[in-house]
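S.K.: Sharing a structure, written as structure tokens. Questions coming.
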Amino acid sequence: MNDYEKRSWTEINLTQLQKNYQICRGLLPMNKKVMAVVKADGYGHGDVEVAQALEEMGVMDFAVSNVHEGIRLRQSGIKGSILILGYTPLEYGQKLFDYDLMQTLISESYADAFAKMNIPVKCQFAIDTGMNRIGLNADELEYCEDIIRDFSKKVNLIGVYTHLCVADCNTENELIFTNDQIIKFDKLANLLEDLNFAYIHCLNSAGSLWHDSEISNFVRLGIILYGLKPNSLNVLPNGIKPILTWKSVVSMVKTIRAGASIGYGRSYVADHDMRVATIPTGYADGYNRMLSNQGYVLINGEKAFVVGRVCMDQFMVDVTEIDSVNMGTEVVLIGECGKEHISADDIADMIETIGYEIVCDMGKRVPRLYKRDGNDN
Ligand SMILES: *Cc1c(COP(=O)(O)O)cnc(C)c1O
């Protein structure tokens, strides 16, 4: 990257992505394949680049949230299967077929309408085992079986899946709940065994690490491939690391006197003379405004705390105690810097959200640079 483009940018380590995949692969039984979840632009990391790097590792199945994400992957040359996890208006039926995308059947009514289109789009039935989001209610086992058998004659049905909602928690109640979800799912899938579904799956990242579903032949891995935790209390397997670094630079350094305020709303008032650096990244880049007077960045291997409110395109940090901070000095918003590091999960904890949201929120105007070990492009 040219220095003149250095305002706010990310560096995404595709070699680390491939390592994360390999570690997960190594922990899974051989009879389970990995479906890589690359929805929301690969959790903000770039869906096409992530999918390509995983295809190199032999991944042949992907999941996205909507038809547009699916079409984009296809148009970029991704060859693997692509499952759409969410709602697609039926007006897109022909597109689903033309781009060889698999659609989730969200409910009986959706499946009905889908069958009436009379286009042989590959599809998978969602089963609701307790999340109450989408799918057929697994508590009504017979109903589920009947519906699925019925639709297996009317549509090109090649799979069933469910989604776990507390697989990242290890309190007793949540372990029991997850276990129940998996038992319900496995029971239904067993009843349908003669339909020989190509896709049977229920484990997300957390599920694949801490639970098992005997009948499943796939796991759906998202967050762990990007090196983040399903839940900040989790401990990830050795060697799994975040693949993303977010950087910016110092645009200006100034000294302010005790009593001066900083930024909109004058929410920070200096109680001593201080040195303040301005950073040309803001909430429009995805640097969350909740980090006002709370977050920190890394400069020259030290923490510099946010002072005042995060603006749309800039924010200020306290560099009073940090040497050699000048215009152009590199700033790490997420990543490692000397002995310090700050992850998307750390930032999420400060503002009571999850790492997923931090990386998904990174703005379109923040360029993604892709790196592999041994080359810087
Ligand atoms: C997002 C999503 C996943 C991936 O979850 P992670 O926690 O990122 O592994 C799997 N399945 C469904 C249905 C999803 O929506």
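Chain labels A, B, ... are given in the sequence in which chains occur in the structure tokens; within each chain residues are numbered consecutively from 1, and ligands are likewise numbered from 1 in the order shown.
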How close does chain A get to ligand 1? List, as JSON lines, each residue of chain A within 9 Å, its nearest atom pair and the distance in Å to one decimal, counting only C-alpha atoms and all ligand atoms.

M.R.:
{"residue": "A:Met35", "atom": "CA", "partner": "ligand 1", "partner_atom_place_in_ligand_line": "10 (C)", "distance": 8.9}
{"residue": "A:Ala36", "atom": "CA", "partner": "ligand 1", "partner_atom_place_in_ligand_line": "4 (C)", "distance": 8.1}
{"residue": "A:Val37", "atom": "CA", "partner": "ligand 1", "partner_atom_place_in_ligand_line": "4 (C)", "distance": 5.6}
{"residue": "A:Val38", "atom": "CA", "partner": "ligand 1", "partner_atom_place_in_ligand_line": "1 (C)", "distance": 8.3}
{"residue": "A:Lys39", "atom": "CA", "partner": "ligand 1", "partner_atom_place_in_ligand_line": "1 (C)", "distance": 7.1}
{"residue": "A:Tyr43", "atom": "CA", "partner": "ligand 1", "partner_atom_place_in_ligand_line": "8 (O)", "distance": 8.4}
{"residue": "A:Ala63", "atom": "CA", "partner": "ligand 1", "partner_atom_place_in_ligand_line": "11 (N)", "distance": 8.0}
{"residue": "A:Val64", "atom": "CA", "partner": "ligand 1", "partner_atom_place_in_ligand_line": "1 (C)", "distance": 8.3}
{"residue": "A:Ser65", "atom": "CA", "partner": "ligand 1", "partner_atom_place_in_ligand_line": "15 (O)", "distance": 7.3}
{"residue": "A:Leu85", "atom": "CA", "partner": "ligand 1", "partner_atom_place_in_ligand_line": "13 (C)", "distance": 5.7}
{"residue": "A:Gly86", "atom": "CA", "partner": "ligand 1", "partner_atom_place_in_ligand_line": "15 (O)", "distance": 7.8}
{"residue": "A:Ala126", "atom": "CA", "partner": "ligand 1", "partner_atom_place_in_ligand_line": "13 (C)", "distance": 8.7}
{"residue": "A:Tyr161", "atom": "CA", "partner": "ligand 1", "partner_atom_place_in_ligand_line": "13 (C)", "distance": 8.2}
{"residue": "A:Thr162", "atom": "CA", "partner": "ligand 1", "partner_atom_place_in_ligand_line": "13 (C)", "distance": 7.1}
{"residue": "A:His163", "atom": "CA", "partner": "ligand 1", "partner_atom_place_in_ligand_line": "13 (C)", "distance": 5.3}
{"residue": "A:Leu164", "atom": "CA", "partner": "ligand 1", "partner_atom_place_in_ligand_line": "11 (N)", "distance": 8.0}
{"residue": "A:Ala167", "atom": "CA", "partner": "ligand 1", "partner_atom_place_in_ligand_line": "7 (O)", "distance": 8.8}
{"residue": "A:Asp168", "atom": "CA", "partner": "ligand 1", "partner_atom_place_in_ligand_line": "7 (O)", "distance": 8.3}
{"residue": "A:Cys202", "atom": "CA", "partner": "ligand 1", "partner_atom_place_in_ligand_line": "11 (N)", "distance": 7.5}
{"residue": "A:Leu203", "atom": "CA", "partner": "ligand 1", "partner_atom_place_in_ligand_line": "10 (C)", "distance": 7.2}
{"residue": "A:Asn204", "atom": "CA", "partner": "ligand 1", "partner_atom_place_in_ligand_line": "9 (O)", "distance": 4.1}
{"residue": "A:Ser205", "atom": "CA", "partner": "ligand 1", "partner_atom_place_in_ligand_line": "9 (O)", "distance": 3.6}
{"residue": "A:Ala206", "atom": "CA", "partner": "ligand 1", "partner_atom_place_in_ligand_line": "7 (O)", "distance": 6.2}
{"residue": "A:Gly207", "atom": "CA", "partner": "ligand 1", "partner_atom_place_in_ligand_line": "9 (O)", "distance": 8.0}
{"residue": "A:Ser208", "atom": "CA", "partner": "ligand 1", "partner_atom_place_in_ligand_line": "9 (O)", "distance": 8.5}
{"residue": "A:Val219", "atom": "CA", "partner": "ligand 1", "partner_atom_place_in_ligand_line": "10 (C)", "distance": 8.2}
{"residue": "A:Arg220", "atom": "CA", "partner": "ligand 1", "partner_atom_place_in_ligand_line": "10 (C)", "distance": 5.0}
{"residue": "A:Leu221", "atom": "CA", "partner": "ligand 1", "partner_atom_place_in_ligand_line": "9 (O)", "distance": 4.3}
{"residue": "A:Gly222", "atom": "CA", "partner": "ligand 1", "partner_atom_place_in_ligand_line": "8 (O)", "distance": 3.4}
{"residue": "A:Ile223", "atom": "CA", "partner": "ligand 1", "partner_atom_place_in_ligand_line": "8 (O)", "distance": 3.7}
{"residue": "A:Ile224", "atom": "CA", "partner": "ligand 1", "partner_atom_place_in_ligand_line": "9 (O)", "distance": 6.2}
{"residue": "A:Leu225", "atom": "CA", "partner": "ligand 1", "partner_atom_place_in_ligand_line": "9 (O)", "distance": 8.1}
{"residue": "A:Tyr226", "atom": "CA", "partner": "ligand 1", "partner_atom_place_in_ligand_line": "8 (O)", "distance": 8.8}
{"residue": "A:Leu228", "atom": "CA", "partner": "ligand 1", "partner_atom_place_in_ligand_line": "8 (O)", "distance": 8.8}
{"residue": "A:Lys229", "atom": "CA", "partner": "ligand 1", "partner_atom_place_in_ligand_line": "7 (O)", "distance": 8.3}
{"residue": "A:Pro230", "atom": "CA", "partner": "ligand 1", "partner_atom_place_in_ligand_line": "7 (O)", "distance": 5.5}
{"residue": "A:Asn231", "atom": "CA", "partner": "ligand 1", "partner_atom_place_in_ligand_line": "7 (O)", "distance": 8.9}
{"residue": "A:Tyr356", "atom": "CA", "partner": "ligand 1", "partner_atom_place_in_ligand_line": "8 (O)", "distance": 7.6}

S.K.: For stretch 316-332 of chain A, find every residue with an atom within 7 Å (counting only C-alpha atoms), except residues of its own chain fewer than 4 positions away, and show them as a PyMOL selection string.

M.R.: chain A and resi 246-253+274-279+297-299+302+304-308+337

S.K.: Can you list every residue of stretch 151-256 of chain A that has an atom at most 6 Å from stretch 11-22 of chain A, with its nearest atom pair and the distance in Å to one decimal, using only C-alpha atoms, ordered by chain then number, as a Markdown table?

M.R.:
| residue | atom | partner | partner_atom | distance |
| --- | --- | --- | --- | --- |
| A:Leu225 | CA | A:Asn20 | CA | 5.4 |
| A:Ile240 | CA | A:Asn20 | CA | 5.1 |
| A:Ile243 | CA | A:Asn13 | CA | 5.0 |
| A:Leu244 | CA | A:Ile12 | CA | 4.6 |
| A:Thr245 | CA | A:Glu11 | CA | 5.1 |

S.K.: Under the rule that only C-alpha atoms are counted, which of A:Phe185, A:Tyr268, A:Phe151, A:Tyr199 is the nearest residue to A:Asn137?

M.R.: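 Closest to A:Asn137 of all the choices is A:Phe185.
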
S.K.: Any idea what's packed within 12 Å of A:Glu91, counting only C-alpha atoms, ignoring anything in its chain fewer than 2 positions away? Could you give it as an MDAnalysis selection string?

M.R.: chainID A and resid 67 87:89 93:97 113:114 117 119

S.K.: Restrict the selected residues to C-alpha atoms and save them as a compact mmCIF listing (two decimals), in the first residue's frame.

M.R.:
# COMPACT_ATOMS: atom_id res chain seq x y z
CA VAL A 67 -29.16 -14.12 -2.66
CA TYR A 87 -35.08 -15.28 3.38
CA THR A 88 -35.05 -14.83 -0.38
CA PRO A 89 -38.06 -13.24 -2.06
CA GLY A 93 -36.32 -18.09 -7.90
CA GLN A 94 -34.86 -18.14 -11.39
CA LYS A 95 -31.69 -16.38 -10.21
CA LEU A 96 -31.26 -18.97 -7.46
CA PHE A 97 -31.37 -21.65 -10.12
CA ALA A 113 -44.77 -20.91 -2.34
CA PHE A 114 -41.39 -22.26 -3.29
CA MET A 117 -42.60 -21.71 -8.54
CA ILE A 119 -38.08 -24.30 -10.53

S.K.: Using only C-alpha atoms, can you tell me which of A:Ile82, A:Ala284, A:Asn118, A:Ile342 comes closest to A:Lys153?

M.R.: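 Using only C-alpha atoms, A:Lys153 sits closest to A:Asn118.
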
S.K.: What's the 12 Å shell around A:Lys79, counting only C-alpha atoms, without same-chain residues fewer than 3 positions away, as a list in words?

M.R.: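 The neighbour list is Val48, Ala51, Gln52, Leu54, Glu55, Glu56, Gly58, Val59, Met60, Asp61, Phe62, Gly70, Ile71, Arg72, Leu73, Arg74, Gln75, Ser76, Ile82, Tyr99, Asp100 and Leu101 of chain A.
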
S.K.: Could you dump the residues just selected with C-alpha atoms as a short mmCIF file (atom, residue, chain, number, x, y, z; two decimals), in the first residue's frame?

M.R.:
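So out20.cif came out as:
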data_model
loop_
_atom_site.label_atom_id
_atom_site.label_comp_id
_atom_site.auth_asym_id
_atom_site.auth_seq_id
_atom_site.Cartn_x
_atom_site.Cartn_y
_atom_site.Cartn_z
CA VAL A 48 -14.62 -13.45 -2.02
CA ALA A 51 -13.84 -18.05 0.18
CA GLN A 52 -11.03 -18.26 -2.37
CA LEU A 54 -10.60 -21.60 1.83
CA GLU A 55 -11.25 -23.20 -1.55
CA GLU A 56 -7.49 -23.57 -1.88
CA GLY A 58 -10.29 -27.91 -0.12
CA VAL A 59 -13.42 -26.30 1.33
CA MET A 60 -16.25 -26.92 -1.11
CA ASP A 61 -19.26 -25.57 0.74
CA PHE A 62 -20.15 -22.04 1.76
CA GLY A 70 -24.52 -15.74 -3.21
CA ILE A 71 -24.53 -14.24 -6.69
CA ARG A 72 -21.45 -12.20 -5.87
CA LEU A 73 -19.50 -15.29 -4.84
CA ARG A 74 -20.54 -17.10 -8.01
CA GLN A 75 -19.66 -14.16 -10.20
CA SER A 76 -16.24 -14.10 -8.54
CA ILE A 82 -23.53 -21.94 -1.65
CA TYR A 99 -26.44 -19.22 -10.12
CA ASP A 100 -26.77 -22.68 -8.59
CA LEU A 101 -27.54 -21.38 -5.11
#

S.K.: Give me the residues within 8 Å of stretch 345-350 of chain A as a PDB file with C-alpha atoms, in the first residue's frame, counting only C-alpha atoms and dropping any in the same chain fewer than 5 places off.

M.R.:
ATOM      1  CA  LEU A 228     -12.563 -14.688  17.042  1.00  0.00           C
ATOM      2  CA  LYS A 229     -14.453 -16.203  19.952  1.00  0.00           C
ATOM      3  CA  SER A 232     -15.538 -13.598  24.973  1.00  0.00           C
ATOM      4  CA  LEU A 291     -15.893   3.851  22.507  1.00  0.00           C
ATOM      5  CA  GLN A 294     -13.590   4.520  26.875  1.00  0.00           C
ATOM      6  CA  GLY A 295     -11.697   2.739  24.119  1.00  0.00           C
ATOM      7  CA  GLY A 355     -16.697  -9.469  18.334  1.00  0.00           C
ATOM      8  CA  GLU A 357     -20.505  -6.980  15.425  1.00  0.00           C
ATOM      9  CA  ILE A 358     -17.200  -5.134  15.671  1.00  0.00           C
TER      10      ILE A 358
END

S.K.: Atom CA of A:His45 to atom CA of A:Pro29: how many Å, to one decimal?

M.R.: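 Rounded to one decimal, the two atoms are 27.6 Å apart.
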
S.K.: Write down as a ChimeraX atom specification the residues belonging to stretch 51-267 of chain A that are assigned helix (DSSP H, G or I) by DSSP computed on the backbone.

M.R.: /A:51-56,67-75,90-98,108-117,141-154,172-191,193-195,205-210,223-226,264-266

S.K.: Nearest to A:Gln124 among A:Gln103, A:Ser8, A:Asn2, A:Ser109, with distances taken over only C-alpha atoms: which residue is it?

M.R.: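 Smallest separation from A:Gln124 among the options: A:Gln103.
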
S.K.: Restricting the calculation to only C-alpha atoms, which member of A:Leu233, A:Leu192, A:Ala258, A:Ile334 is positioned closest to A:Cys169?

M.R.: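 Among the listed residues, the smallest separation from A:Cys169 belongs to A:Leu233.
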
S.K.: Do you have the atom CA of A:Gly282-atom CA of A:Gly363 distance handy?

M.R.: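 Computing it gives 9.6 Å between the two atoms.
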
S.K.: Env of A:Glu145: 8 Å cut, atoms = only C-alpha atoms, seq-sep filter 3 positions within chain, self excluded. Answer as a list in words.

M.R.: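 In the requested form, the answer reads Leu141, Glu142, Ile148, Arg149, Leu188, Leu191 and Leu192 of chain A.
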
S.K.: Under the rule that only C-alpha atoms are counted, which of A:Trp210, A:Tyr143, A:Tyr370, A:Tyr287 is the nearest residue to A:Leu236?

M.R.: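 Residue with the minimum atom-to-atom distance to A:Leu236: A:Trp210.
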
S.K.: Could you please determine the separation between atom CA of A:Ile182 and atom CA of A:Gly159 in Å, to one decimal place?

M.R.: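 Distance reported for this atom pair: 16.0 Å.
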
S.K.: What are the DSSP strand (DSSP E) residues of stretch 120-186 of chain A, as a list in words?

M.R.: Lys122, Cys123, Gln124, Phe125, Ala126, Ile127, Asp128, Leu136, Asn137, Asn156, Leu157, Ile158, Gly159, Val160, Tyr161 and Thr162 of chain A

S.K.: Just C-alpha atoms for this one: save the residues we selected as a short mmCIF file (atom, residue, chain, number, x, y, z; two decimals), in the first residue's frame.

M.R.:
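What landed in selection.cif:
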data_model
loop_
_atom_site.label_atom_id
_atom_site.label_comp_id
_atom_site.auth_asym_id
_atom_site.auth_seq_id
_atom_site.Cartn_x
_atom_site.Cartn_y
_atom_site.Cartn_z
CA LYS A 122 -31.75 -27.01 -4.52
CA CYS A 123 -33.06 -26.38 -1.03
CA GLN A 124 -32.67 -27.36 2.62
CA PHE A 125 -35.31 -27.28 5.32
CA ALA A 126 -34.58 -25.26 8.45
CA ILE A 127 -35.67 -26.93 11.68
CA ASP A 128 -36.35 -24.91 14.80
CA LEU A 136 -40.26 -26.09 11.37
CA ASN A 137 -40.93 -26.65 15.05
CA ASN A 156 -35.36 -30.40 -4.91
CA LEU A 157 -34.78 -30.98 -1.21
CA ILE A 158 -31.24 -32.05 -0.37
CA GLY A 159 -30.78 -31.20 3.28
CA VAL A 160 -32.03 -30.30 6.75
CA TYR A 161 -30.39 -28.19 9.39
CA THR A 162 -30.95 -26.44 12.67
#

S.K.: Select, from A:Leu105, A:Gly44, A:Asp194, A:Glu352, the residue with the minimum atom-to-atom distance to A:Thr10, counting only C-alpha atoms.

M.R.: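 For A:Thr10, the nearest of the candidates is A:Gly44.
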